[in-house]
>>> print(open('input.cif').read())   # mmCIF, C-alpha atoms
data_protein
loop_
_atom_site.group_PDB
_atom_site.id
_atom_site.type_symbol
_atom_site.label_atom_id
_atom_site.label_comp_id
_atom_site.auth_asym_id
_atom_site.auth_seq_id
_atom_site.Cartn_x
_atom_site.Cartn_y
_atom_site.Cartn_z
ATOM 1 C CA MET R 1 -12.061 22.479 14.774
ATOM 2 C CA GLU R 2 -12.560 19.104 13.107
ATOM 3 C CA ASN R 3 -14.286 19.077 9.734
ATOM 4 C CA LYS R 4 -17.270 16.776 10.176
ATOM 5 C CA LYS R 5 -18.568 15.110 7.081
ATOM 6 C CA THR R 6 -22.191 16.081 7.631
ATOM 7 C CA LEU R 7 -24.511 18.564 6.027
ATOM 8 C CA LEU R 8 -26.715 21.147 7.662
ATOM 9 C CA PRO R 9 -30.460 20.393 7.437
ATOM 10 C CA GLU R 10 -30.995 23.035 4.741
ATOM 11 C CA GLN R 11 -28.093 21.595 2.716
ATOM 12 C CA CYS R 12 -29.639 18.119 2.986
ATOM 13 C CA SER R 13 -33.000 19.403 1.781
ATOM 14 C CA ALA R 14 -31.461 21.264 -1.153
ATOM 15 C CA LEU R 15 -29.353 18.266 -2.205
ATOM 16 C CA LEU R 16 -32.273 15.837 -1.929
ATOM 17 C CA LYS R 17 -34.338 18.113 -4.172
ATOM 18 C CA ILE R 18 -31.551 18.238 -6.777
ATOM 19 C CA LEU R 19 -31.164 14.451 -6.672
ATOM 20 C CA GLU R 20 -34.916 13.886 -6.895
ATOM 21 C CA ASN R 21 -35.233 16.183 -9.922
ATOM 22 C CA ARG R 22 -32.327 14.409 -11.656
ATOM 23 C CA PHE R 23 -33.848 11.026 -10.764
ATOM 24 C CA ASP R 24 -37.180 12.054 -12.307
ATOM 25 C CA LYS R 25 -35.571 13.476 -15.478
ATOM 26 C CA ASN R 26 -33.411 10.391 -16.161
ATOM 27 C CA THR R 27 -35.652 7.391 -15.559
ATOM 28 C CA ASN R 28 -33.711 5.321 -18.112
ATOM 29 C CA ARG R 29 -30.835 5.147 -15.612
ATOM 30 C CA HIS R 30 -32.871 3.406 -12.893
ATOM 31 C CA LYS R 31 -35.894 1.613 -14.318
ATOM 32 C CA GLY R 32 -38.192 0.145 -11.704
ATOM 33 C CA LEU R 33 -36.739 2.109 -8.785
ATOM 34 C CA GLU R 34 -38.790 4.469 -6.633
ATOM 35 C CA TRP R 35 -37.408 7.778 -5.405
ATOM 36 C CA ALA R 36 -39.111 7.454 -2.001
ATOM 37 C CA ASN R 37 -37.040 4.322 -1.255
ATOM 38 C CA VAL R 38 -33.825 6.021 -2.374
ATOM 39 C CA GLN R 39 -34.577 9.082 -0.241
ATOM 40 C CA THR R 40 -35.265 6.954 2.838
ATOM 41 C CA LYS R 41 -31.898 5.234 2.371
ATOM 42 C CA LEU R 42 -30.128 8.582 1.897
ATOM 43 C CA GLU R 43 -31.689 10.133 4.983
ATOM 44 C CA ALA R 44 -30.534 7.146 7.059
ATOM 45 C CA ASN R 45 -26.914 7.609 5.878
ATOM 46 C CA PRO R 46 -25.855 11.238 6.431
ATOM 47 C CA GLU R 47 -22.159 10.525 5.733
ATOM 48 C CA LYS R 48 -23.115 9.161 2.301
ATOM 49 C CA LEU R 49 -25.281 12.200 1.709
ATOM 50 C CA TRP R 50 -22.185 14.305 2.429
ATOM 51 C CA SER R 51 -20.241 12.321 -0.200
ATOM 52 C CA LEU R 52 -23.042 12.836 -2.735
ATOM 53 C CA ASN R 53 -22.911 16.545 -1.971
ATOM 54 C CA GLU R 54 -19.169 16.516 -2.706
ATOM 55 C CA MET R 55 -19.892 14.751 -6.008
ATOM 56 C CA GLU R 56 -22.486 17.411 -6.824
ATOM 57 C CA ARG R 57 -20.334 20.330 -5.636
ATOM 58 C CA THR R 58 -17.468 19.293 -7.912
ATOM 59 C CA GLY R 59 -19.688 18.953 -10.997
ATOM 60 C CA GLY R 60 -20.377 15.225 -11.049
ATOM 61 C CA GLU R 61 -24.186 15.330 -11.196
ATOM 62 C CA PRO R 62 -24.574 12.011 -9.315
ATOM 63 C CA ASP R 63 -27.558 9.814 -10.086
ATOM 64 C CA VAL R 64 -28.826 6.356 -9.162
ATOM 65 C CA VAL R 65 -27.723 3.788 -11.740
ATOM 66 C CA GLY R 66 -28.542 0.540 -9.975
ATOM 67 C CA TYR R 67 -29.787 -1.352 -6.960
ATOM 68 C CA ASP R 68 -28.369 -4.531 -5.404
ATOM 69 C CA LYS R 69 -31.333 -6.243 -3.776
ATOM 70 C CA SER R 70 -29.185 -8.815 -1.918
ATOM 71 C CA LYS R 71 -27.219 -6.040 -0.173
ATOM 72 C CA ASP R 72 -30.027 -3.446 -0.163
ATOM 73 C CA GLU R 73 -27.615 -0.934 -1.740
ATOM 74 C CA TYR R 74 -28.232 1.793 -4.271
ATOM 75 C CA LEU R 75 -25.410 2.625 -6.646
ATOM 76 C CA PHE R 76 -24.671 6.199 -7.692
ATOM 77 C CA TYR R 77 -22.313 7.254 -10.506
ATOM 78 C CA ASP R 78 -21.232 10.693 -11.648
ATOM 79 C CA CYS R 79 -23.503 11.294 -14.647
ATOM 80 C CA SER R 80 -22.301 14.699 -15.854
ATOM 81 C CA ALA R 81 -21.974 14.820 -19.643
ATOM 82 C CA GLU R 82 -18.234 15.491 -19.369
ATOM 83 C CA SER R 83 -15.684 14.584 -16.711
ATOM 84 C CA PRO R 84 -16.577 16.634 -13.593
ATOM 85 C CA LYS R 85 -15.222 20.142 -14.063
ATOM 86 C CA ASP R 86 -13.793 20.663 -10.581
ATOM 87 C CA ARG R 87 -11.972 17.311 -10.653
ATOM 88 C CA ARG R 88 -9.836 17.884 -13.740
ATOM 89 C CA SER R 89 -6.117 18.593 -14.114
ATOM 90 C CA VAL R 90 -5.171 15.930 -11.576
ATOM 91 C CA CYS R 91 -2.673 13.102 -11.882
ATOM 92 C CA TYR R 92 -3.616 9.563 -10.892
ATOM 93 C CA ASP R 93 -2.381 9.084 -7.298
ATOM 94 C CA ARG R 94 -0.138 10.455 -4.521
ATOM 95 C CA GLU R 95 2.924 8.529 -5.758
ATOM 96 C CA ALA R 96 2.529 10.096 -9.202
ATOM 97 C CA LEU R 97 2.042 13.547 -7.677
ATOM 98 C CA GLU R 98 5.196 13.235 -5.593
ATOM 99 C CA SER R 99 7.210 11.966 -8.569
ATOM 100 C CA ARG R 100 6.727 15.236 -10.464
ATOM 101 C CA LYS R 101 9.689 17.554 -9.996
ATOM 102 C CA GLU R 102 7.925 20.673 -11.318
ATOM 103 C CA HIS R 103 4.534 21.834 -12.573
ATOM 104 C CA LYS R 104 2.732 19.625 -10.083
ATOM 105 C CA PRO R 105 -1.056 19.456 -10.221
ATOM 106 C CA LYS R 106 -2.932 20.491 -7.083
ATOM 107 C CA ASN R 107 -4.139 16.971 -6.305
ATOM 108 C CA SER R 108 -4.543 13.407 -7.527
ATOM 109 C CA ALA R 109 -7.657 11.513 -8.557
ATOM 110 C CA LEU R 110 -7.335 8.785 -5.931
ATOM 111 C CA GLU R 111 -6.727 11.259 -3.108
ATOM 112 C CA MET R 112 -9.653 13.454 -4.098
ATOM 113 C CA ALA R 113 -11.939 10.438 -4.368
ATOM 114 C CA SER R 114 -10.844 9.205 -0.947
ATOM 115 C CA GLU R 115 -11.412 12.635 0.600
ATOM 116 C CA MET R 116 -14.898 12.665 -0.934
ATOM 117 C CA GLY R 117 -15.709 9.156 0.322
ATOM 118 C CA ILE R 118 -16.138 7.729 -3.200
ATOM 119 C CA GLU R 119 -14.245 5.374 -5.512
ATOM 120 C CA LEU R 120 -13.078 5.847 -9.088
ATOM 121 C CA LEU R 121 -15.140 3.945 -11.621
ATOM 122 C CA THR R 122 -13.725 0.627 -12.758
ATOM 123 C CA GLU R 123 -13.472 -0.185 -16.456
ATOM 124 C CA VAL R 124 -16.610 -2.342 -16.158
ATOM 125 C CA GLN R 125 -18.515 0.453 -14.419
ATOM 126 C CA TYR R 126 -17.347 2.985 -17.010
ATOM 127 C CA ARG R 127 -18.667 0.759 -19.798
ATOM 128 C CA GLU R 128 -21.958 0.336 -17.888
ATOM 129 C CA LEU R 129 -22.247 4.126 -17.586
ATOM 130 C CA GLN R 130 -21.852 4.477 -21.354
ATOM 131 C CA GLN R 131 -24.907 2.221 -21.820
ATOM 132 C CA LEU R 132 -26.964 4.976 -20.165
ATOM 133 C CA GLY R 133 -25.889 7.768 -22.535
ATOM 134 C CA ASN R 134 -22.847 9.309 -24.176
ATOM 135 C CA PHE R 135 -20.400 10.572 -21.553
ATOM 136 C CA ASP R 136 -16.918 12.048 -21.978
ATOM 137 C CA THR R 137 -17.289 12.890 -25.669
ATOM 138 C CA LYS R 138 -14.919 15.869 -25.232
ATOM 139 C CA THR R 139 -13.090 14.928 -22.026
ATOM 140 C CA SER R 140 -11.623 11.783 -20.483
ATOM 141 C CA SER R 141 -11.691 10.242 -17.014
ATOM 142 C CA TRP R 142 -9.137 8.339 -14.977
ATOM 143 C CA ILE R 143 -10.472 4.899 -14.010
ATOM 144 C CA GLN R 144 -9.234 2.337 -11.493
ATOM 145 C CA THR R 145 -5.925 1.013 -12.746
ATOM 146 C CA PRO R 146 -4.836 -2.619 -12.346
ATOM 147 C CA VAL R 147 -1.939 -3.027 -9.901
ATOM 148 C CA ASP R 148 0.398 -4.524 -12.517
ATOM 149 C CA ILE R 149 0.006 -1.470 -14.776
ATOM 150 C CA ARG R 150 0.429 0.944 -11.874
ATOM 151 C CA LYS R 151 3.602 -0.840 -10.690
ATOM 152 C CA LEU R 152 5.138 -0.048 -14.069
ATOM 153 C CA GLY R 153 4.315 3.668 -13.733
ATOM 154 C CA GLY R 154 1.166 3.756 -15.823
ATOM 155 C CA ALA R 155 -2.496 4.467 -15.217
ATOM 156 C CA ILE R 156 -5.555 4.081 -17.419
ATOM 157 C CA PHE R 157 -8.287 6.443 -18.466
ATOM 158 C CA ALA R 158 -11.324 6.244 -20.695
ATOM 159 C CA ASP R 159 -13.488 8.308 -23.003
ATOM 160 C CA PHE R 160 -16.214 7.920 -25.616
ATOM 161 C CA ARG R 161 -15.420 8.707 -29.250
ATOM 162 C CA TYR R 162 -16.726 7.445 -32.592
ATOM 163 C CA ASP R 163 -19.596 5.625 -30.842
ATOM 164 C CA ASN R 164 -17.106 3.531 -28.840
ATOM 165 C CA VAL R 165 -15.554 3.422 -25.391
ATOM 166 C CA PHE R 166 -11.793 3.706 -25.544
ATOM 167 C CA ILE R 167 -9.462 2.702 -22.725
ATOM 168 C CA TYR R 168 -5.998 4.254 -22.912
ATOM 169 C CA HIS R 169 -2.824 4.407 -20.874
ATOM 170 C CA ASN R 170 -0.668 7.285 -19.736
ATOM 171 C CA GLY R 171 2.034 7.902 -17.194
ATOM 172 C CA ALA R 172 0.266 8.179 -13.840
ATOM 173 C CA GLU R 173 1.979 11.539 -13.242
ATOM 174 C CA SER R 174 0.399 13.131 -16.310
ATOM 175 C CA TYR R 175 -2.515 15.527 -16.051
ATOM 176 C CA TYR R 176 -4.591 17.485 -18.537
ATOM 177 C CA ALA R 177 -7.245 20.183 -18.410
ATOM 178 C CA ALA R 178 -9.701 17.840 -20.123
ATOM 179 C CA ARG R 179 -9.080 14.802 -17.885
ATOM 180 C CA GLY R 180 -10.685 14.288 -14.516
ATOM 181 C CA PHE R 181 -12.314 11.310 -12.868
ATOM 182 C CA ARG R 182 -15.769 9.895 -12.268
ATOM 183 C CA GLY R 183 -16.798 8.311 -9.008
ATOM 184 C CA SER R 184 -19.162 5.712 -7.659
ATOM 185 C CA LEU R 185 -20.872 5.474 -4.298
ATOM 186 C CA LYS R 186 -22.857 2.640 -2.731
ATOM 187 C CA ILE R 187 -25.549 3.511 -0.232
#
>>> encode(input="input.cif", output="structure tokens")
Amino acid sequence: MENKKTLLPEQCSALLKILENRFDKNTNRHKGLEWANVQTKLEANPEKLWSLNEMERTGGEPDVVGYDKSKDEYLFYDCSAESPKDRRSVCYDREALESRKEHKPKNSALEMASEMGIELLTEVQYRELQQLGNFDTKTSSWIQTPVDIRKLGGAIFADFRYDNVFIYHNGAESYYAARGFRGSLKI
């Protein structure tokens, strides 16, 4: 049986309630936006609601962080205090995963994100997120890596220490218990 990327009605209701409560508790992330408009958009896009549920299920605590009026799109980021718990201990991408001869992680950040229907945050988006609070003060998160860095075997990740965002490099095949990834979703 094919796994459809839809939620049951009761799952939709439960997720919408979680998202509404988070929206109401974190108004600094989305000044001037109304939940009713966000909910209408979500209800009209069940496949995106499924992706948000995956973000929530894996510990991301997704929340609205912006709205593009010209495209009529809401932007969600993972807003958990630390890198989402169920998305840690992953290398960067499939190529990195396959390059490991032993002690392979279970998955890669890019593959998990693709399966969830989301994208890794870019460096710009990661810096924008840090304007909304202090995230990744004990963990780190893989972010989208420029092609030229990836071609050389590297990947980049970010965290927040000493009141600053730091962008670092590592071999794309590396993975750590305290490193995961944060995603974004446009609806």
>>> atom_distance(input="input.cif", atom1="atom CA of R:Asp63", atom2="atom CA of R:Asp78")
6.6 Å
>>> axis_aligned_box(input="input.cif", around="stretch 165-176 of chain R", padding_each_side="4 Å", output="lines of an AutoDock Vina configuration file")
center_x = -6.8
center_y = 10.1
center_z = -19.4
size_x = 25.6
size_y = 22.8
size_z = 20.3
>>> residues_around(input="input.cif", residues="R:Tyr77", least_positions_apart="4", cutoff="10 Å", atoms="all atoms listed in the file", output="list in words")
Leu52, Met55, Gly60, Glu61, Pro62, Asp63, Val64, Val65, Gly66, Ile118, Glu119, Leu120, Leu121, Gln125, Tyr126, Leu129, Arg182, Gly183, Ser184, Leu185 and Lys186 of chain R
>>> write_last_selection(input="input.cif", atoms="C-alpha atoms", output="compact mmCIF listing (two decimals), keeping the file's coordinate frame")
# COMPACT_ATOMS: atom_id res chain seq x y z
CA LEU R 52 -23.04 12.84 -2.74
CA MET R 55 -19.89 14.75 -6.01
CA GLY R 60 -20.38 15.22 -11.05
CA GLU R 61 -24.19 15.33 -11.20
CA PRO R 62 -24.57 12.01 -9.32
CA ASP R 63 -27.56 9.81 -10.09
CA VAL R 64 -28.83 6.36 -9.16
CA VAL R 65 -27.72 3.79 -11.74
CA GLY R 66 -28.54 0.54 -9.98
CA ILE R 118 -16.14 7.73 -3.20
CA GLU R 119 -14.24 5.37 -5.51
CA LEU R 120 -13.08 5.85 -9.09
CA LEU R 121 -15.14 3.94 -11.62
CA GLN R 125 -18.52 0.45 -14.42
CA TYR R 126 -17.35 2.98 -17.01
CA LEU R 129 -22.25 4.13 -17.59
CA ARG R 182 -15.77 9.90 -12.27
CA GLY R 183 -16.80 8.31 -9.01
CA SER R 184 -19.16 5.71 -7.66
CA LEU R 185 -20.87 5.47 -4.30
CA LYS R 186 -22.86 2.64 -2.73
>>> closest_residue(input="input.cif", among="R:Lys25, R:Lys41, R:Lys31, R:Lys5", to="R:Asn53", atoms="all atoms listed in the file")
R:Lys5
>>> residues_around(input="input.cif", residues="R:Gly59", least_positions_apart="2", cutoff="7 Å", atoms="all atoms listed in the file", output="PyMOL selection string")
chain R and resi 55-57+61+80+84-86
>>> closest_residue(input="input.cif", among="R:Ser83, R:Ser13, R:Ser174, R:Asn26", to="R:Ala96", atoms="all atoms listed in the file")
R:Ser174
>>> atom_distance(input="input.cif", atom1="atom CA of R:Glu47", atom2="atom CA of R:Lys106")
25.2 Å
>>> atom_distance(input="input.cif", atom1="atom CA of R:Asn134", atom2="atom CA of R:Val90")
22.7 Å
>>> resolve_selection(input="input.cif", expression="the PyMOL selection byres ((chain R and resi 159) around 12)", output="PDB file with C-alpha atoms, in the frame of the given file")
ATOM      1  CA  ALA R  81     -21.974  14.820 -19.643  1.00  0.00           C
ATOM      2  CA  GLU R  82     -18.234  15.491 -19.369  1.00  0.00           C
ATOM      3  CA  SER R  83     -15.684  14.584 -16.711  1.00  0.00           C
ATOM      4  CA  GLU R 123     -13.472  -0.185 -16.456  1.00  0.00           C
ATOM      5  CA  TYR R 126     -17.347   2.985 -17.010  1.00  0.00           C
ATOM      6  CA  ARG R 127     -18.667   0.759 -19.798  1.00  0.00           C
ATOM      7  CA  LEU R 129     -22.247   4.126 -17.586  1.00  0.00           C
ATOM      8  CA  GLN R 130     -21.852   4.477 -21.354  1.00  0.00           C
ATOM      9  CA  ASN R 134     -22.847   9.309 -24.176  1.00  0.00           C
ATOM     10  CA  PHE R 135     -20.400  10.572 -21.553  1.00  0.00           C
ATOM     11  CA  ASP R 136     -16.918  12.048 -21.978  1.00  0.00           C
ATOM     12  CA  THR R 137     -17.289  12.890 -25.669  1.00  0.00           C
ATOM     13  CA  LYS R 138     -14.919  15.869 -25.232  1.00  0.00           C
ATOM     14  CA  THR R 139     -13.090  14.928 -22.026  1.00  0.00           C
ATOM     15  CA  SER R 140     -11.623  11.783 -20.483  1.00  0.00           C
ATOM     16  CA  SER R 141     -11.691  10.242 -17.014  1.00  0.00           C
ATOM     17  CA  TRP R 142      -9.137   8.339 -14.977  1.00  0.00           C
ATOM     18  CA  ILE R 143     -10.472   4.899 -14.010  1.00  0.00           C
ATOM     19  CA  ILE R 156      -5.555   4.081 -17.419  1.00  0.00           C
ATOM     20  CA  PHE R 157      -8.287   6.443 -18.466  1.00  0.00           C
ATOM     21  CA  ALA R 158     -11.324   6.244 -20.695  1.00  0.00           C
ATOM     22  CA  PHE R 160     -16.214   7.920 -25.616  1.00  0.00           C
ATOM     23  CA  ARG R 161     -15.420   8.707 -29.250  1.00  0.00           C
ATOM     24  CA  TYR R 162     -16.726   7.445 -32.592  1.00  0.00           C
ATOM     25  CA  ASP R 163     -19.596   5.625 -30.842  1.00  0.00           C
ATOM     26  CA  ASN R 164     -17.106   3.531 -28.840  1.00  0.00           C
ATOM     27  CA  VAL R 165     -15.554   3.422 -25.391  1.00  0.00           C
ATOM     28  CA  PHE R 166     -11.793   3.706 -25.544  1.00  0.00           C
ATOM     29  CA  ILE R 167      -9.462   2.702 -22.725  1.00  0.00           C
ATOM     30  CA  TYR R 168      -5.998   4.254 -22.912  1.00  0.00           C
ATOM     31  CA  HIS R 169      -2.824   4.407 -20.874  1.00  0.00           C
ATOM     32  CA  ALA R 178      -9.701  17.840 -20.123  1.00  0.00           C
ATOM     33  CA  ARG R 179      -9.080  14.802 -17.885  1.00  0.00           C
ATOM     34  CA  GLY R 180     -10.685  14.288 -14.516  1.00  0.00           C
ATOM     35  CA  PHE R 181     -12.314  11.310 -12.868  1.00  0.00           C
ATOM     36  CA  ARG R 182     -15.769   9.895 -12.268  1.00  0.00           C
TER      37      ARG R 182
END
>>> resolve_selection(input="input.cif", expression="the PyMOL selection byres ((chain R and resi 175) around 8)", output="MDAnalysis selection string")
chainID R and resid 89:92 105 173:174 176:177 179
>>> residues_near_point(input="input.cif", point="(-17.4, 15.2, 7.0)", cutoff="10 Å", atoms="all atoms listed in the file", output="list in words")
Glu2, Asn3, Lys4, Lys5, Thr6, Leu7, Pro46, Glu47, Lys48, Leu49, Trp50, Ser51, Glu54, Glu115, Met116 and Gly117 of chain R
>>> write_last_selection(input="input.cif", atoms="C-alpha atoms", output="PDB file, in the coordinates of the input")
ATOM      1  CA  GLU R   2     -12.560  19.104  13.107  1.00  0.00           C
ATOM      2  CA  ASN R   3     -14.286  19.077   9.734  1.00  0.00           C
ATOM      3  CA  LYS R   4     -17.270  16.776  10.176  1.00  0.00           C
ATOM      4  CA  LYS R   5     -18.568  15.110   7.081  1.00  0.00           C
ATOM      5  CA  THR R   6     -22.191  16.081   7.631  1.00  0.00           C
ATOM      6  CA  LEU R   7     -24.511  18.564   6.027  1.00  0.00           C
ATOM      7  CA  PRO R  46     -25.855  11.238   6.431  1.00  0.00           C
ATOM      8  CA  GLU R  47     -22.159  10.525   5.733  1.00  0.00           C
ATOM      9  CA  LYS R  48     -23.115   9.161   2.301  1.00  0.00           C
ATOM     10  CA  LEU R  49     -25.281  12.200   1.709  1.00  0.00           C
ATOM     11  CA  TRP R  50     -22.185  14.305   2.429  1.00  0.00           C
ATOM     12  CA  SER R  51     -20.241  12.321  -0.200  1.00  0.00           C
ATOM     13  CA  GLU R  54     -19.169  16.516  -2.706  1.00  0.00           C
ATOM     14  CA  GLU R 115     -11.412  12.635   0.600  1.00  0.00           C
ATOM     15  CA  MET R 116     -14.898  12.665  -0.934  1.00  0.00           C
ATOM     16  CA  GLY R 117     -15.709   9.156   0.322  1.00  0.00           C
TER      17      GLY R 117
END
>>> resolve_selection(input="input.cif", expression="the PyMOL selection byres ((chain R and resi 36) around 12)", output="short mmCIF file (atom, residue, chain, number, x, y, z; two decimals) with C-alpha atoms, in the coordinates of the input")
data_model
loop_
_atom_site.label_atom_id
_atom_site.label_comp_id
_atom_site.auth_asym_id
_atom_site.auth_seq_id
_atom_site.Cartn_x
_atom_site.Cartn_y
_atom_site.Cartn_z
CA LEU R 16 -32.27 15.84 -1.93
CA LYS R 17 -34.34 18.11 -4.17
CA LEU R 19 -31.16 14.45 -6.67
CA GLU R 20 -34.92 13.89 -6.90
CA PHE R 23 -33.85 11.03 -10.76
CA ASP R 24 -37.18 12.05 -12.31
CA LEU R 33 -36.74 2.11 -8.78
CA GLU R 34 -38.79 4.47 -6.63
CA TRP R 35 -37.41 7.78 -5.40
CA ASN R 37 -37.04 4.32 -1.25
CA VAL R 38 -33.83 6.02 -2.37
CA GLN R 39 -34.58 9.08 -0.24
CA THR R 40 -35.26 6.95 2.84
CA LYS R 41 -31.90 5.23 2.37
CA LEU R 42 -30.13 8.58 1.90
CA GLU R 43 -31.69 10.13 4.98
#
>>> closest_residue(input="input.cif", among="R:Glu10, R:Thr27, R:Ser108, R:Glu102", to="R:Ala155", atoms="all atoms listed in the file")
R:Ser108
>>> closest_residue(input="input.cif", among="R:Arg94, R:Arg150, R:His103, R:Lys71", to="R:Asn170", atoms="all atoms listed in the file")
R:Arg150
>>> closest_residue(input="input.cif", among="R:Gly153, R:Tyr67, R:Glu73, R:Leu132", to="R:Asp93", atoms="only C-alpha atoms")
R:Gly153
>>> closest_residue(input="input.cif", among="R:Ser70, R:Asn45, R:Asn28, R:Thr58", to="R:Gly133", atoms="only C-alpha atoms")
R:Asn28
